[in-house]
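**Q** Take a look at the following structure, please.
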Amino acid sequence: MSQPEEQHTQHSISYGRYILIWLGLLAFTGITVTLAGIDLGRWVIITSLVIASVKSLLVLNIFMHLKFEDKMFKIFALVAVATLTIFITLTFFDYAFY
Amino acid sequence: MTTVARTPEPDYLHAQTNRKGIGAWIFSTDHKRIGILYLVSMLVFFIAAVTFGVLMRLEMLTPGKTIMQPQTYNTFFTLHGIMMIFLFIIPGLPAVFGNFLLPLMIGAKDVFFPRLNLFSWWLFITGGLLALVSLFLPGGPADTGWTFYVPYSIRTTTNVIPALMAAFILGFSSILTGLNFITTIHRMRAPGMDWFKMPLFIWSLYSTAWIQILATPIIGITLLLVTIERLFGVGIFDPTLGGDPVLYQHLFWIYSHPAVYIVILPGLGVVSEILPVFARRTIFGYKVIAYSSLSIAFIGSLVWAHHMFTVGMSNTGMFIFSLLTFLVSIPSAIKVFNWIATLYKGSIKIEVPFLFVLAFIFQFSIGGLTGLMLGVLSVNIHVQDTYFVVGHFHYVMFGGTGFGLFAAMHYWFPKIFGRMYKNVPAFVGWLLMTIGLNLLYFPFLIMGYMGMPRRYYDYLPQFQTYHVISTVGSWVLVLGIIIIFVNLILSLKKGAKAPMNPWGGKTLEWTVASPPPVENFHEIPIVEKGPYDYSEYEIKPEIAK
């Protein structure tokens with residue numbers, strides 16, 4: 001099973017793109033904070049979770065270079081995200097049914 | 001299993017290194033030495049935690065004060081829980097026997113990240129020391145119980161923050177060990193060892209490692225949030241600040257229930273490993289046992305809120321978590337039935353590791369069945385927070401994993417230290433431990449069902465008989481543990497030299513010298529057969545006719 005060392009290539013992402021993504025993350029944070037002050041009813045949770053998911057995807061793909069990794073790493077990351085999704089969904093069986 | 005060229009190089013215990021004395025151990029990246037480091041440090045915490053437990057039992061011998069004040073009792077059950085859970089039973093089998101055996105059993109020279117492995121041990125020690133330091137800082141030891149439930153953990157003036165930080169650091173150690181094991185299993189298996197030629201102990205370590213990676217970060221952030229709330233008064237869990245205490249319980253149990261499976265899965269793996277060796281029989285249902293480990297890890301991660309049926313959850317939530325709790329019993333039962341089927345028509349050789357495994361199956365079954373009772377909503381509400389829960393928990397944790405650990409110690413002791421132990425004291429120790437454990441914990445189930453609440457310092461006179469039996473049981477159990485430890489410690493020096501394969505095991509660790517050489521294998525073995533091929537002992541159909 002021992003496999004040869006994989007060739008790791010440097011994936012250059014320009015500083016400009018990093019800054020753009022960072023600004024995007026800040027903007028999303030601003031939107032989350034703003035939405036917290038607006039009464040959206042049940043939608044407040046859904047919108048917050050969607051924004052958080054998009055932010056996580058950006059961090060994982062760009063800053064953590066998951067975009068350039070092997071399929072195996074992507075599957076592992078997906079398992080982690082899927083587990084978290086199940087945890088959150090199950091928790092809502094308590095909170096959403098009053 | 002396969003032929004392996006053995007080397008004349010020195011074993012790992014006598015290897016020459018750049019450092020001398022203790023430095024050659026605490027800075028070693030050899031997975032075997034790290035396994036021993038965990039063993040020694042973990043046993044120190046175990047002895048301390050057992051002492052707290054025995055003193056608590058002594059206090060419960062009579063109603064009212066027997067030997068200590070109520071606050072001391074609160075502190076003792078907290079320390080007993082924190083030490084047993086975070087410092088002994090969670091790292092127990094994976095960190096000690098996983099570290100020592102994983103590379104040997106898959107035909108590798110070490111784990112994938114040896115330095116990270118050493119770092120994990122250092123984190124473990126740091127967390128352990130922090131927990132100890134918290135005992136002596138002004139404010140006094142934490143008195144929240146090992147669950148750190150809010151709002152009490154936010155308001156008590158005892159040293160909760162150091163205890164929380166200790167658990168946080170120990171969590172990191174656990175995550176790194178899990179990460180190391182998953183990578184090692186994926187990347188370093190010997191040629192020919194496909195997934196279904198792996199020993200079942202490795203399957204259990206693999207399943208455990210996934211829980212360690214996925215669930216532990218959740219307790220990390222939760223403990224951090226309690227710390228932030230205590231330090232800065234941010235309203236997260238405290239209702240007076242607008243927080244939600246039930247949310248804390250969700251977050252705590254999202255980790256802490258799977259943690260129970262971190263504890264028990266390697267124990268189940270040990271049973272699957274030892275049973276076929278002493279039954280001289282190919283394990284029954286290999287693939288199903290392997291898949292059941294993964295199923296337990298997965299379903300077991302989804303049942304956490306069954307700890308919270310009385311906190312005011314929604315009925316839908318209670319129904320779903322009760323159902324999931326029943327589902328997790330299926331893969332657990334599959335294992336038990338397959339073990340029994342393995343024994344059927346086996347050429348059984350009774351040795352001490354095998355006896356520990358038999359006691360494991362018996363006690364784990366009691367723990368599992370009482371777990372099913374607790375999964376029933378109506379019964380759960382009746383026995384919530386009583387000794388019934390404590391009895392169930394200890395049957396699974398000590399009667400199961402604890403005995404699995406003692407089974408593993410007796411099974412792999414010759415391999416790890418290259419010495420045999422004396423059988424008679426080991427047998428007496430096993431007998432006393434088994435009698436003691438059942439005397440200690442079975443009365444818990446009865447008095448819990450009758451309504452004796454857990455963690456209470458005082459009790460009504462009608463419970464005293466059960467408490468007396470239980471306390472006597474604790475003495476018998478401790479006597480058994482002392483005999484076992486004395487026997488093993490004496491055998492380290494005086495035991496007869498162990499052969500390479502004293503039990504007739506078929507897995508790869510038995511193909512190297514006892515104790516193993518530094519690099520494990522001179523040449524990486526090529527695996528051709530499965531790990532439990534005892535066909536030579538089995539009666540051929542034509543002969544049977």
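Residue numbering restarts at 1 in every chain; chains get A, B, ... in the order shown in the structure tokens, and ligands count up from 1 in that same order.
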For the interface of chain B with chain A (cut-off 7 Å, counting only C-alpha atoms), please tabulate each contacting residue of chain B alongside its nearest pair of atoms and their separation in Å to one decimal, rows sorted by chain and increasing number, as CSV.
**A**
residue,atom,partner,partner_atom,distance
B:Arg187,CA,A:Ser2,CA,5.5
B:Met188,CA,A:Ser2,CA,4.9
B:Arg189,CA,A:Met1,CA,5.0
B:Ala190,CA,A:Met1,CA,5.7
B:Pro191,CA,A:Met1,CA,5.3
B:Leu214,CA,A:Ala80,CA,6.3
B:Met313,CA,A:Asp94,CA,5.6
B:Ser314,CA,A:Asp94,CA,5.0
B:Thr316,CA,A:Phe93,CA,6.2
B:Gly317,CA,A:Asp94,CA,4.6
**Q** Just list as number ranges by chain whatever in segment 103-325 of chain B DSSP marks as alpha helix (DSSP H).
**A** B: 103-106, 114-136, 152-155, 160-187, 200-232, 245-279, 286-300, 315-325
**Q** Contacts of Val357 of chain B at 7 Å or less, counting only C-alpha atoms, minus same-chain residues fewer than 3 places along, as a PyMOL selection string?
**A** chain B and resi 271+353-354+360-361+404+407
**Q** Generate a file of the selected residues that holds all heavy atoms, formatted as a compact mmCIF listing (two decimals), in the first residue's frame.
**A**
# COMPACT_ATOMS: atom_id res chain seq x y z
N VAL B 271 -11.44 -7.71 21.58
CA VAL B 271 -12.16 -8.99 21.69
C VAL B 271 -12.10 -9.75 20.37
O VAL B 271 -11.79 -10.95 20.34
CB VAL B 271 -13.64 -8.74 22.09
CG1 VAL B 271 -14.42 -10.05 22.10
CG2 VAL B 271 -13.71 -8.10 23.46
N PRO B 353 -5.92 -13.98 28.97
CA PRO B 353 -6.53 -12.98 28.08
C PRO B 353 -7.92 -13.41 27.61
O PRO B 353 -8.83 -12.59 27.49
CB PRO B 353 -5.57 -12.92 26.88
CG PRO B 353 -4.30 -13.49 27.36
CD PRO B 353 -4.64 -14.46 28.44
N PHE B 354 -8.08 -14.70 27.38
CA PHE B 354 -9.37 -15.22 26.93
C PHE B 354 -10.43 -15.06 28.02
O PHE B 354 -11.58 -14.71 27.74
CB PHE B 354 -9.19 -16.70 26.56
CG PHE B 354 -10.44 -17.36 26.05
CD1 PHE B 354 -10.92 -17.08 24.78
CD2 PHE B 354 -11.14 -18.26 26.84
CE1 PHE B 354 -12.08 -17.70 24.31
CE2 PHE B 354 -12.29 -18.87 26.38
CZ PHE B 354 -12.76 -18.59 25.11
N PHE B 360 -15.58 -9.68 29.50
CA PHE B 360 -15.95 -8.50 28.71
C PHE B 360 -17.30 -8.74 28.05
O PHE B 360 -18.21 -7.90 28.15
CB PHE B 360 -14.86 -8.25 27.65
CG PHE B 360 -15.15 -7.12 26.69
CD1 PHE B 360 -14.38 -5.96 26.69
CD2 PHE B 360 -16.17 -7.23 25.74
CE1 PHE B 360 -14.63 -4.93 25.79
CE2 PHE B 360 -16.42 -6.21 24.85
CZ PHE B 360 -15.65 -5.06 24.87
N ILE B 361 -17.45 -9.88 27.35
CA ILE B 361 -18.68 -10.11 26.59
C ILE B 361 -19.89 -10.14 27.54
O ILE B 361 -20.92 -9.52 27.27
CB ILE B 361 -18.60 -11.43 25.79
CG1 ILE B 361 -17.47 -11.33 24.75
CG2 ILE B 361 -19.92 -11.74 25.09
CD1 ILE B 361 -17.19 -12.61 24.00
N GLY B 404 -11.34 -5.01 28.50
CA GLY B 404 -10.67 -5.12 27.21
C GLY B 404 -9.21 -4.69 27.34
O GLY B 404 -8.30 -5.29 26.76
N ALA B 407 -7.40 -7.36 29.13
CA ALA B 407 -7.23 -8.48 28.20
C ALA B 407 -6.06 -8.18 27.27
O ALA B 407 -5.17 -9.04 27.06
CB ALA B 407 -8.50 -8.69 27.39
**Q** Considering only C-alpha atoms, return as a list in words whatever protein or nucleic-acid residues lie within 12 Å of Leu58 of chain A, sequence-local ones (same chain, fewer than 6 positions apart) excluded.
**A** Arg17, Tyr18, Leu20, Ile21, Trp22, Leu23, Gly24, Leu25, Leu26, Phe28, Ile51, Ala52, Met64, His65, Leu66 and Lys67 of chain A
**Q** Take the residues from that selection and put them in a file with C-alpha atoms, as a tab-separated table (two decimals), in the first residue's frame.
**A**
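To be explicit, this is the file written out as out24.tsv:
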chain	number	residue	atom	x	y	z
A	17	ARG	CA	-7.14	37.43	-5.49
A	18	TYR	CA	-6.41	36.68	-1.83
A	20	LEU	CA	-10.49	40.04	-3.00
A	21	ILE	CA	-11.56	36.86	-1.22
A	22	TRP	CA	-10.72	38.41	2.14
A	23	LEU	CA	-12.87	41.44	1.35
A	24	GLY	CA	-15.63	39.06	0.28
A	25	LEU	CA	-15.39	37.25	3.63
A	26	LEU	CA	-15.58	40.58	5.47
A	28	PHE	CA	-20.34	38.25	4.28
A	51	ILE	CA	-23.58	32.49	4.39
A	52	ALA	CA	-21.38	30.56	6.82
A	64	MET	CA	-6.38	26.00	2.39
A	65	HIS	CA	-5.79	25.03	-1.25
A	66	LEU	CA	-8.34	22.21	-1.17
A	67	LYS	CA	-9.25	23.17	-4.73
**Q** With only C-alpha atoms as the counted atoms, please give the residues lying no more than 10 Å from Leu323 of chain B, apart from itself and same-chain residues fewer than 3 positions off, as a PyMOL selection string.
**A** chain B and resi 303+306+317-320+326-328+375-377
**Q** Calculated over only C-alpha atoms, which of the candidates B:Gly35, B:Pro199, B:Gly504, B:Pro151 has the smallest distance to Arg280 of chain B?
**A** B:Gly504
**Q** Which neighbours of Leu241 of chain B fall inside 12 Å, counting only C-alpha atoms, when residues of the same chain fewer than 6 positions from it are skipped, and could you give them as number ranges by chain?
**A** B: 151, 154, 229-230, 232-235
**Q** Can you measure atom CA of Ala77 of chain A to atom CA of Pro217 of chain B for me? One decimal in Å is fine.
**A**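 These two atoms are separated by 14.3 Å.
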